[in-house]
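Here is structure.cif, consisting of mmCIF, C-alpha atoms and all ligand atoms:
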data_upload
loop_
_atom_site.label_atom_id
_atom_site.label_comp_id
_atom_site.auth_asym_id
_atom_site.auth_seq_id
_atom_site.Cartn_x
_atom_site.Cartn_y
_atom_site.Cartn_z
CA MET A 1 -7.50 -22.65 -0.73
CA LYS A 2 -5.34 -19.59 -1.41
CA LYS A 3 -1.60 -19.36 -0.99
CA VAL A 4 -0.68 -16.07 0.64
CA ALA A 5 3.01 -15.17 0.56
CA VAL A 6 4.25 -12.51 2.98
CA THR A 7 7.78 -11.09 2.95
CA GLY A 8 9.36 -9.37 5.94
CA ALA A 9 7.43 -12.00 7.88
CA ALA A 10 9.64 -11.71 10.96
CA GLY A 11 9.06 -7.93 11.15
CA GLN A 12 6.63 -5.87 13.16
CA ILE A 13 3.85 -5.27 10.59
CA ALA A 14 3.85 -8.99 9.88
CA TYR A 15 3.42 -9.68 13.58
CA SER A 16 0.14 -7.74 13.48
CA LEU A 17 -0.93 -9.03 10.07
CA LEU A 18 -0.26 -12.77 10.03
CA PHE A 19 -2.48 -13.67 12.98
CA ARG A 20 -5.37 -11.74 11.43
CA ILE A 21 -4.95 -13.56 8.12
CA ALA A 22 -4.91 -16.83 10.07
CA ALA A 23 -8.09 -15.77 11.89
CA GLY A 24 -9.90 -15.25 8.56
CA ASP A 25 -9.80 -11.44 8.44
CA LEU A 26 -8.48 -11.57 4.87
CA LEU A 27 -10.38 -14.37 3.15
CA GLY A 28 -13.14 -15.28 5.56
CA ARG A 29 -13.59 -19.04 5.81
CA GLU A 30 -11.46 -19.89 2.80
CA LYS A 31 -8.47 -22.03 3.77
CA VAL A 32 -5.07 -20.38 3.67
CA HIS A 33 -1.54 -21.56 3.08
CA LEU A 34 0.77 -18.94 4.61
CA SER A 35 4.17 -18.76 2.99
CA LEU A 36 6.58 -16.68 5.07
CA LEU A 37 9.77 -15.13 3.72
CA ASP A 38 12.49 -13.29 5.58
CA LEU A 39 16.26 -12.94 5.46
CA PRO A 40 18.43 -15.91 6.51
CA SER A 41 19.54 -13.90 9.59
CA MET A 42 15.90 -13.88 10.78
CA ARG A 43 15.37 -17.63 10.50
CA GLN A 44 15.07 -18.20 14.24
CA VAL A 45 12.61 -15.33 14.73
CA LEU A 46 10.56 -16.59 11.80
CA GLU A 47 10.47 -20.03 13.39
CA GLY A 48 9.06 -18.42 16.55
CA VAL A 49 6.35 -16.69 14.49
CA ARG A 50 5.47 -20.02 12.90
CA MET A 51 5.22 -21.65 16.35
CA GLU A 52 2.84 -18.94 17.57
CA LEU A 53 0.69 -19.26 14.45
CA GLU A 54 0.47 -22.99 15.12
CA ASP A 55 -0.43 -22.29 18.74
CA GLY A 56 -3.39 -20.20 17.59
CA ALA A 57 -4.97 -23.45 16.29
CA TYR A 58 -6.71 -21.43 13.56
CA PRO A 59 -9.28 -23.48 11.62
CA VAL A 60 -8.63 -21.69 8.29
CA LEU A 61 -4.85 -21.93 8.51
CA GLU A 62 -4.09 -25.06 6.52
CA THR A 63 -0.30 -24.88 6.17
CA ILE A 64 2.62 -22.62 7.05
CA THR A 65 5.94 -22.67 5.25
CA CYS A 66 9.01 -20.57 6.04
CA SER A 67 11.79 -19.71 3.64
CA SER A 68 14.64 -17.32 2.96
CA LYS A 69 14.44 -17.90 -0.80
CA ALA A 70 11.98 -15.66 -2.65
CA GLU A 71 11.37 -18.02 -5.55
CA GLU A 72 10.51 -20.83 -3.16
CA ALA A 73 8.24 -18.62 -1.03
CA PHE A 74 6.34 -17.25 -4.07
CA GLU A 75 5.83 -20.66 -5.74
CA GLY A 76 2.20 -20.72 -6.94
CA ALA A 77 1.24 -17.78 -4.66
CA ASP A 78 -2.19 -16.24 -5.33
CA LEU A 79 -1.75 -13.24 -3.04
CA VAL A 80 1.60 -11.65 -2.26
CA ILE A 81 2.16 -9.00 0.40
CA LEU A 82 5.62 -7.46 0.19
CA LEU A 83 6.45 -5.97 3.59
CA GLY A 84 10.16 -6.75 3.60
CA ALA A 85 12.43 -3.85 2.76
CA LYS A 86 15.62 -2.26 4.01
CA PRO A 87 14.91 0.43 6.61
CA ARG A 88 16.48 3.85 6.25
CA GLY A 89 19.74 3.75 8.23
CA PRO A 90 21.52 6.63 9.98
CA GLY A 91 22.75 9.25 7.52
CA MET A 92 21.02 7.50 4.61
CA GLU A 93 19.44 9.79 2.01
CA ARG A 94 16.14 8.94 0.33
CA ARG A 95 18.05 8.20 -2.89
CA ASP A 96 20.28 5.66 -1.04
CA LEU A 97 17.12 3.98 0.27
CA LEU A 98 15.70 3.93 -3.24
CA SER A 99 18.79 2.27 -4.65
CA ALA A 100 19.13 -0.26 -1.81
CA ASN A 101 15.50 -1.31 -2.04
CA GLY A 102 15.62 -1.10 -5.82
CA LEU A 103 18.02 -4.04 -5.77
CA VAL A 104 15.78 -5.99 -3.36
CA PHE A 105 12.72 -5.49 -5.56
CA VAL A 106 14.58 -6.36 -8.77
CA GLU A 107 15.26 -9.77 -7.23
CA GLN A 108 11.75 -10.16 -5.85
CA GLY A 109 10.21 -9.14 -9.18
CA LYS A 110 12.29 -11.76 -10.95
CA ALA A 111 11.33 -14.38 -8.37
CA LEU A 112 7.63 -13.52 -8.77
CA ASN A 113 8.03 -13.86 -12.51
CA ARG A 114 9.55 -17.31 -12.15
CA SER A 115 7.24 -18.85 -9.62
CA ALA A 116 4.08 -16.93 -8.57
CA SER A 117 0.66 -17.58 -10.09
CA ALA A 118 0.25 -15.56 -13.31
CA ASP A 119 -2.95 -14.12 -11.80
CA ALA A 120 -1.35 -13.16 -8.48
CA HIS A 121 -2.29 -9.90 -6.76
CA VAL A 122 0.87 -8.23 -5.42
CA LEU A 123 0.56 -5.55 -2.74
CA VAL A 124 3.74 -3.63 -1.93
CA VAL A 125 3.97 -2.08 1.53
CA GLY A 126 7.76 -1.86 1.99
CA ASN A 127 9.00 1.65 1.32
CA PRO A 128 9.34 3.46 -0.99
CA CYS A 129 6.28 1.39 -1.87
CA ASN A 130 5.17 3.03 -5.15
CA THR A 131 8.58 2.77 -6.74
CA ASN A 132 9.24 -0.69 -5.28
CA ALA A 133 5.95 -1.84 -6.84
CA TRP A 134 7.03 -0.27 -10.13
CA ILE A 135 10.30 -2.28 -10.08
CA ALA A 136 8.64 -5.55 -9.11
CA ARG A 137 6.11 -5.08 -11.93
CA TYR A 138 8.91 -4.26 -14.41
CA PHE A 139 10.75 -7.50 -13.61
CA ALA A 140 7.66 -9.71 -13.57
CA PRO A 141 6.24 -9.37 -17.08
CA ARG A 142 4.58 -12.82 -16.89
CA LEU A 143 2.19 -11.46 -14.24
CA ASN A 144 -0.72 -9.11 -14.88
CA PRO A 145 0.74 -5.56 -14.58
CA LEU A 146 -2.61 -4.24 -13.35
CA ARG A 147 -2.32 -6.48 -10.28
CA PHE A 148 0.67 -4.71 -8.77
CA TYR A 149 -0.39 -2.28 -6.07
CA ALA A 150 1.29 0.13 -3.63
CA MET A 151 -0.34 0.66 -0.25
CA THR A 152 -1.71 4.15 0.40
CA ARG A 153 -4.71 2.98 2.42
CA LEU A 154 -3.10 3.86 5.73
CA ASP A 155 -2.77 7.46 4.53
CA GLN A 156 -6.46 7.41 3.58
CA ASN A 157 -7.44 6.06 6.99
CA ARG A 158 -5.36 8.72 8.72
CA ALA A 159 -7.10 11.42 6.64
CA ILE A 160 -10.55 9.99 7.42
CA PHE A 161 -9.90 9.99 11.15
CA LEU A 162 -8.57 13.52 11.14
CA ALA A 163 -11.48 14.88 9.05
CA SER A 164 -14.07 13.11 11.21
CA LYS A 165 -12.49 14.56 14.35
CA LYS A 166 -12.58 18.09 12.92
CA ALA A 167 -16.17 17.71 11.66
CA GLY A 168 -17.34 16.00 14.86
CA CYS A 169 -18.84 13.11 12.89
CA ARG A 170 -18.34 9.35 12.83
CA VAL A 171 -15.57 7.92 10.64
CA GLU A 172 -18.06 5.93 8.58
CA GLU A 173 -19.83 9.15 7.56
CA VAL A 174 -16.69 10.25 5.66
CA HIS A 175 -16.68 9.04 2.03
CA ASP A 176 -14.48 9.47 -1.01
CA LEU A 177 -11.61 10.84 1.06
CA ILE A 178 -8.69 9.33 -0.83
CA VAL A 179 -5.02 10.11 -1.21
CA TRP A 180 -3.38 10.80 -4.58
CA GLY A 181 0.18 10.19 -5.67
CA ASN A 182 3.23 8.88 -3.90
CA HIS A 183 3.27 7.39 -0.38
CA SER A 184 5.66 10.12 0.73
CA GLN A 185 5.68 13.72 1.91
CA THR A 186 4.16 14.75 -1.45
CA GLN A 187 1.01 12.63 -1.05
CA VAL A 188 -2.22 14.58 -1.60
CA PRO A 189 -5.23 13.93 0.66
CA ASP A 190 -8.25 14.93 -1.44
CA PHE A 191 -10.62 17.03 0.66
CA VAL A 192 -12.12 18.53 -2.52
CA ASN A 193 -14.01 15.45 -3.73
CA ALA A 194 -14.62 14.02 -0.25
CA LYS A 195 -18.06 13.91 1.38
CA ILE A 196 -19.43 13.81 4.87
CA GLY A 197 -22.77 12.10 4.74
CA ARG A 198 -24.37 13.56 1.61
CA ARG A 199 -22.61 16.91 1.78
CA ALA A 200 -19.28 17.96 0.32
CA LEU A 201 -16.61 17.82 3.02
CA CYS A 202 -15.69 21.45 2.20
CA GLU A 203 -19.26 22.52 3.04
CA VAL A 204 -19.06 20.84 6.44
CA ILE A 205 -15.48 21.92 7.18
CA GLN A 206 -15.46 25.41 5.72
CA ASP A 207 -11.99 26.31 6.97
CA ARG A 208 -10.10 26.05 3.67
CA HIS A 209 -6.95 27.41 5.30
CA TRP A 210 -6.96 24.48 7.75
CA LEU A 211 -7.69 21.96 5.00
CA GLU A 212 -4.86 23.10 2.72
CA GLY A 213 -2.46 23.61 5.61
CA GLU A 214 -2.74 21.67 8.84
CA PHE A 215 -4.93 18.86 7.50
CA VAL A 216 -2.67 17.99 4.57
CA SER A 217 0.48 18.36 6.60
CA GLN A 218 -0.82 16.28 9.55
CA VAL A 219 -1.75 13.42 7.23
CA ARG A 220 1.70 13.61 5.63
CA GLN A 221 3.46 13.78 9.03
CA ARG A 222 1.40 11.19 10.87
CA GLY A 223 3.86 8.34 10.25
CA ALA A 224 6.71 10.43 11.69
CA ALA A 225 4.53 11.40 14.69
CA VAL A 226 3.87 7.71 15.43
CA ILE A 227 7.60 6.98 15.28
CA ARG A 228 8.30 9.86 17.69
CA ALA A 229 5.68 8.59 20.14
CA ARG A 230 6.24 4.86 19.89
CA GLY A 231 9.89 4.66 18.94
CA LYS A 232 8.80 2.38 16.08
CA SER A 233 6.88 2.91 12.86
CA SER A 234 3.17 2.17 12.45
CA ALA A 235 2.45 -1.54 12.55
CA GLY A 236 -1.10 -2.32 13.76
CA SER A 237 -2.62 0.40 11.58
CA ALA A 238 -0.43 -0.66 8.65
CA ALA A 239 -1.60 -4.27 9.00
CA GLU A 240 -5.24 -3.10 9.02
CA ALA A 241 -4.60 -1.04 5.87
CA ALA A 242 -2.93 -3.99 4.13
CA LEU A 243 -5.91 -6.23 4.90
CA LEU A 244 -8.38 -3.61 3.66
CA SER A 245 -6.34 -3.04 0.48
CA MET A 246 -6.27 -6.73 -0.41
CA ARG A 247 -9.92 -7.25 0.48
CA SER A 248 -10.95 -4.28 -1.66
CA VAL A 249 -8.91 -5.57 -4.60
CA LEU A 250 -10.53 -8.99 -4.27
CA GLY A 251 -14.02 -7.49 -4.19
CA LEU A 252 -14.56 -8.57 -0.57
CA HIS A 253 -14.83 -5.05 0.88
CA ASP A 254 -15.83 -1.55 -0.16
CA MET A 255 -17.53 -2.66 -3.41
CA GLY A 256 -18.91 0.43 -5.12
CA LYS A 257 -16.91 2.76 -2.88
CA ALA A 258 -13.78 4.72 -3.72
CA PHE A 259 -10.57 3.81 -1.92
CA SER A 260 -6.88 4.75 -2.25
CA LEU A 261 -4.43 2.42 -3.92
CA GLY A 262 -1.27 2.86 -5.95
CA VAL A 263 -1.96 1.29 -9.35
CA THR A 264 -0.98 1.42 -13.00
CA SER A 265 -3.67 3.38 -14.79
CA VAL A 266 -4.31 2.55 -18.43
CA GLU A 267 -5.95 5.39 -20.42
CA ASN A 268 -5.47 7.61 -17.46
CA PRO A 269 -8.25 10.19 -17.13
CA TYR A 270 -6.15 12.62 -15.08
CA GLY A 271 -3.14 13.03 -17.39
CA ILE A 272 -0.74 11.28 -14.99
CA GLU A 273 2.12 9.35 -16.62
CA GLU A 274 0.61 5.92 -17.15
CA ASP A 275 3.75 3.94 -16.45
CA LEU A 276 3.87 5.07 -12.80
CA ILE A 277 2.36 3.27 -9.84
CA PHE A 278 0.29 6.22 -8.62
CA SER A 279 -2.35 6.40 -5.94
CA TYR A 280 -5.80 7.21 -7.36
CA PRO A 281 -9.40 6.94 -6.30
CA CYS A 282 -10.00 3.27 -7.15
CA ARG A 283 -13.04 1.07 -7.19
CA GLY A 284 -13.16 -2.74 -6.94
CA ARG A 285 -14.21 -4.67 -9.99
CA GLU A 286 -16.32 -7.87 -9.96
CA GLY A 287 -13.93 -10.85 -9.98
CA GLY A 288 -10.96 -8.89 -8.65
CA CYS A 289 -8.77 -5.99 -9.84
CA VAL A 290 -9.64 -2.31 -9.71
CA ASP A 291 -10.69 0.57 -11.93
CA VAL A 292 -9.55 4.15 -11.50
CA VAL A 293 -12.63 6.26 -10.77
CA ARG A 294 -13.23 8.86 -13.46
CA GLY A 295 -14.68 12.33 -13.36
CA TRP A 296 -13.20 13.67 -10.12
CA VAL A 297 -12.61 17.40 -10.08
CA LEU A 298 -9.05 18.59 -9.61
CA ASP A 299 -9.15 22.22 -8.51
CA ALA A 300 -6.05 24.43 -8.76
CA PHE A 301 -4.72 23.36 -5.33
CA LEU A 302 -5.16 19.63 -5.94
CA ASP A 303 -3.81 19.83 -9.47
CA LYS A 304 -0.65 21.64 -8.36
CA GLU A 305 0.02 19.20 -5.50
CA ILE A 306 -0.73 16.12 -7.63
CA ARG A 307 1.74 17.28 -10.30
CA LEU A 308 4.44 17.64 -7.62
CA SER A 309 3.82 14.08 -6.46
CA GLU A 310 3.89 12.85 -10.05
CA ALA A 311 7.21 14.67 -10.63
CA GLU A 312 8.67 12.99 -7.54
CA LEU A 313 7.66 9.54 -8.80
CA VAL A 314 9.10 10.27 -12.25
CA GLU A 315 12.35 11.31 -10.57
CA GLU A 316 12.43 8.14 -8.43
CA ARG A 317 11.80 5.95 -11.47
CA ASP A 318 14.42 7.73 -13.57
CA LEU A 319 16.99 7.44 -10.79
CA LEU A 320 16.44 3.69 -10.73
CA LEU A 321 16.61 3.41 -14.49
CA ARG A 322 19.97 5.25 -14.38
CA GLU A 323 21.53 3.67 -11.32
CA VAL A 324 19.94 0.30 -10.61
CA ILE A 325 18.37 -1.27 -13.68
P1 LIG A 401 10.54 -4.26 10.23
O1 LIG A 401 11.94 -3.70 10.12
O2 LIG A 401 9.97 -4.56 11.56
O3 LIG A 401 10.46 -5.61 9.37
C1 LIG A 401 10.97 -5.71 8.08
C2 LIG A 401 11.34 -7.15 7.85
O4 LIG A 401 11.72 -7.29 6.50
C3 LIG A 401 12.53 -7.61 8.71
O5 LIG A 401 12.20 -8.81 9.38
C4 LIG A 401 13.62 -7.82 7.67
O6 LIG A 401 14.52 -8.86 8.03
C5 LIG A 401 12.81 -8.17 6.44
N1 LIG A 401 13.49 -8.00 5.18
C6 LIG A 401 14.36 -7.03 4.81
N2 LIG A 401 14.80 -7.26 3.57
C7 LIG A 401 14.18 -8.36 3.13
C8 LIG A 401 14.22 -9.10 1.92
N3 LIG A 401 15.03 -8.76 0.93
N4 LIG A 401 13.44 -10.21 1.80
C9 LIG A 401 12.65 -10.60 2.82
N5 LIG A 401 12.58 -9.96 4.00
C10 LIG A 401 13.33 -8.85 4.14
O7 LIG A 401 9.65 -3.27 9.38
P2 LIG A 401 8.06 -3.07 9.46
O8 LIG A 401 7.74 -2.10 10.51
O9 LIG A 401 7.41 -4.39 9.48
O10 LIG A 401 7.80 -2.31 8.06
C11 LIG A 401 7.94 -2.97 6.82
C12 LIG A 401 7.97 -1.96 5.70
O11 LIG A 401 6.71 -1.29 5.63
C13 LIG A 401 9.01 -0.87 5.84
O12 LIG A 401 9.64 -0.67 4.58
C14 LIG A 401 8.19 0.36 6.20
O13 LIG A 401 8.82 1.56 5.79
C15 LIG A 401 6.94 0.10 5.41
N6 LIG A 401 5.73 0.83 5.79
C16 LIG A 401 4.89 1.20 4.81
C17 LIG A 401 3.69 1.82 5.07
C18 LIG A 401 2.77 2.20 3.97
O14 LIG A 401 1.75 2.85 4.27
N7 LIG A 401 3.02 1.85 2.71
C19 LIG A 401 3.31 2.19 6.47
C20 LIG A 401 4.00 1.36 7.49
C21 LIG A 401 5.47 1.11 7.20
O15 LIG A 401 6.18 2.27 7.52
#
Take the structure in the file and write it out as structure tokens.
Amino acid sequence: MKKVAVTGAAGQIAYSLLFRIAAGDLLGREKVHLSLLDLPSMRQVLEGVRMELEDGAYPVLETITCSSKAEEAFEGADLVILLGAKPRGPGMERRDLLSANGLVFVEQGKALNRSASADAHVLVVGNPCNTNAWIARYFAPRLNPLRFYAMTRLDQNRAIFLASKKAGCRVEEVHDLIVWGNHSQTQVPDFVNAKIGRRALCEVIQDRHWLEGEFVSQVRQRGAAVIRARGKSSAGSAAEAALLSMRSVLGLHDMGKAFSLGVTSVENPYGIEEDLIFSYPCRGREGGCVDVVRGWVLDAFLDKEIRLSEAELVEERDLLLREVI
């Protein structure tokens, strides 16, 4: 049995994610203990979520616990999915959001350090997810630093869909289309190393102007477009991406294939600052964890964009070091 702790469990991504975990979409037939964490003000909503999970009568769902205390919720957790974060309020600048969530992730990092399994895999979804993952890792030195991840899989999936639509092919024919860098407006969808079937994506979609312009910008803007259309941010697609990220990390999905994930890269082959949680082409490793895929070509366009994303992450980290930590 695995204990899966989910924060922000009364929120909208959780409402798409928890029932799928209970149905076995994360761990197959392995039994699950779901540990749900949200703020004290959400206790009643969380209780309703628990009731609905019970009403699903899911065979793999062994136990459900609800808490508003992080240390209690993370106790012995094997897998941790951090959805809970402060949303950006009216008039709030990105730096205010960074500081507000910085404080949340300092506390959650400390709580993970005190009570989670030392081998836990920790996936951060709550934004700004790369820097939040960096803080949680910083304050949880007892845990394996290579098992802190930031979710960029939704960006990858958005890029795959868009490229397949343009090329007129099926989504599963698109390979190695990953996203580099920060989960933000500086993220870099990599059309240079991507393939469609056995051919380079750039051979199939020869319109370089579209790739560098509209393609990159549509992937970056897709989250905002969903908010404009739905009045709420992506939830179903985010839950799918969270499941895929965890399954890939555990070696249950995409073995041998490249996927996007924000990770700490030791002996980084691309010259990115190693301390950052940066999205790379990753590959699952037998027994869990991931390796950064080596040998990808960064042409002048990619290199320039990737350095901008790196600079943004350095700035976010340094702001936190100055103002929060
Ligand atoms: P919701 O506002 O629906 O839910 C967030 C939940 O977190 C709320 O129930 C809130 O009470 C709880 N919460 C806040 N602070 C908490 C804390 N300190 N401890 C425990 N719980 C806490 O947001 P939702 O739509 O579910 O999105 C969750 C997060 O995912 C947001 O930060 C959002 O920006 C981020 N996203 C990240 C994506 C990614 O690709 N990395 C894409 C989807 C999403 O935008």
Protein and nucleic acid residues within 6 Å of ligand LIG 401 (chain A) (all atoms listed in the file) as an mmCIF file with C-alpha atoms, in the frame of the given file:
data_model
loop_
_atom_site.group_PDB
_atom_site.id
_atom_site.type_symbol
_atom_site.label_atom_id
_atom_site.label_comp_id
_atom_site.auth_asym_id
_atom_site.auth_seq_id
_atom_site.Cartn_x
_atom_site.Cartn_y
_atom_site.Cartn_z
ATOM 1 C CA THR A 7 7.780 -11.090 2.950
ATOM 2 C CA GLY A 8 9.360 -9.370 5.940
ATOM 3 C CA ALA A 9 7.430 -12.000 7.880
ATOM 4 C CA ALA A 10 9.640 -11.710 10.960
ATOM 5 C CA GLY A 11 9.060 -7.930 11.150
ATOM 6 C CA GLN A 12 6.630 -5.870 13.160
ATOM 7 C CA ILE A 13 3.850 -5.270 10.590
ATOM 8 C CA ALA A 14 3.850 -8.990 9.880
ATOM 9 C CA LEU A 37 9.770 -15.130 3.720
ATOM 10 C CA ASP A 38 12.490 -13.290 5.580
ATOM 11 C CA LEU A 39 16.260 -12.940 5.460
ATOM 12 C CA MET A 42 15.900 -13.880 10.780
ATOM 13 C CA LEU A 83 6.450 -5.970 3.590
ATOM 14 C CA GLY A 84 10.160 -6.750 3.600
ATOM 15 C CA ALA A 85 12.430 -3.850 2.760
ATOM 16 C CA LYS A 86 15.620 -2.260 4.010
ATOM 17 C CA PRO A 87 14.910 0.430 6.610
ATOM 18 C CA VAL A 104 15.780 -5.990 -3.360
ATOM 19 C CA VAL A 125 3.970 -2.080 1.530
ATOM 20 C CA GLY A 126 7.760 -1.860 1.990
ATOM 21 C CA ASN A 127 9.000 1.650 1.320
ATOM 22 C CA CYS A 129 6.280 1.390 -1.870
ATOM 23 C CA MET A 151 -0.340 0.660 -0.250
ATOM 24 C CA THR A 152 -1.710 4.150 0.400
ATOM 25 C CA LEU A 154 -3.100 3.860 5.730
ATOM 26 C CA SER A 233 6.880 2.910 12.860
ATOM 27 C CA SER A 234 3.170 2.170 12.450
ATOM 28 C CA ALA A 235 2.450 -1.540 12.550
ATOM 29 C CA ALA A 238 -0.430 -0.660 8.650
#
Practice task
Give me, please, the distance in Å between CA of Trp134 in chain A and CA of Lys304 in chain A, quoted to one decimal.
Solution key: 23.3 Å
Handout entry: Pick from A:Asp207, A:Glu212, A:Asp318, A:Asp78, whichever lies nearest to Val6 in chain A using only C-alpha atoms
Key =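 So, comparing all the options, the nearest one is A:Asp78.
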Handout entry: Counting only C-alpha atoms, the residue of A:Leu123, A:Val226, A:Ile272, A:Ala167 that sits nearest Ile205 in chain A
Key =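 Closest to Ile205 in chain A of all the choices is A:Ala167.
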Problem - Among the residues A:His209, A:Arg20, A:Arg307, A:Lys3, the one that comes closest to Val32 in chain A [using only C-alpha atoms] - result: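 Answer, going by the shortest atom-to-atom distance: A:Lys3.
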Exercise for the section: In Å, rounded to a single decimal, give me how far CA of Trp180 in chain A is from CA of Ala116 in chain A. Expected result: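 Going from CA of Ala116 in chain A over to CA of Trp180 in chain A covers 29.0 Å.
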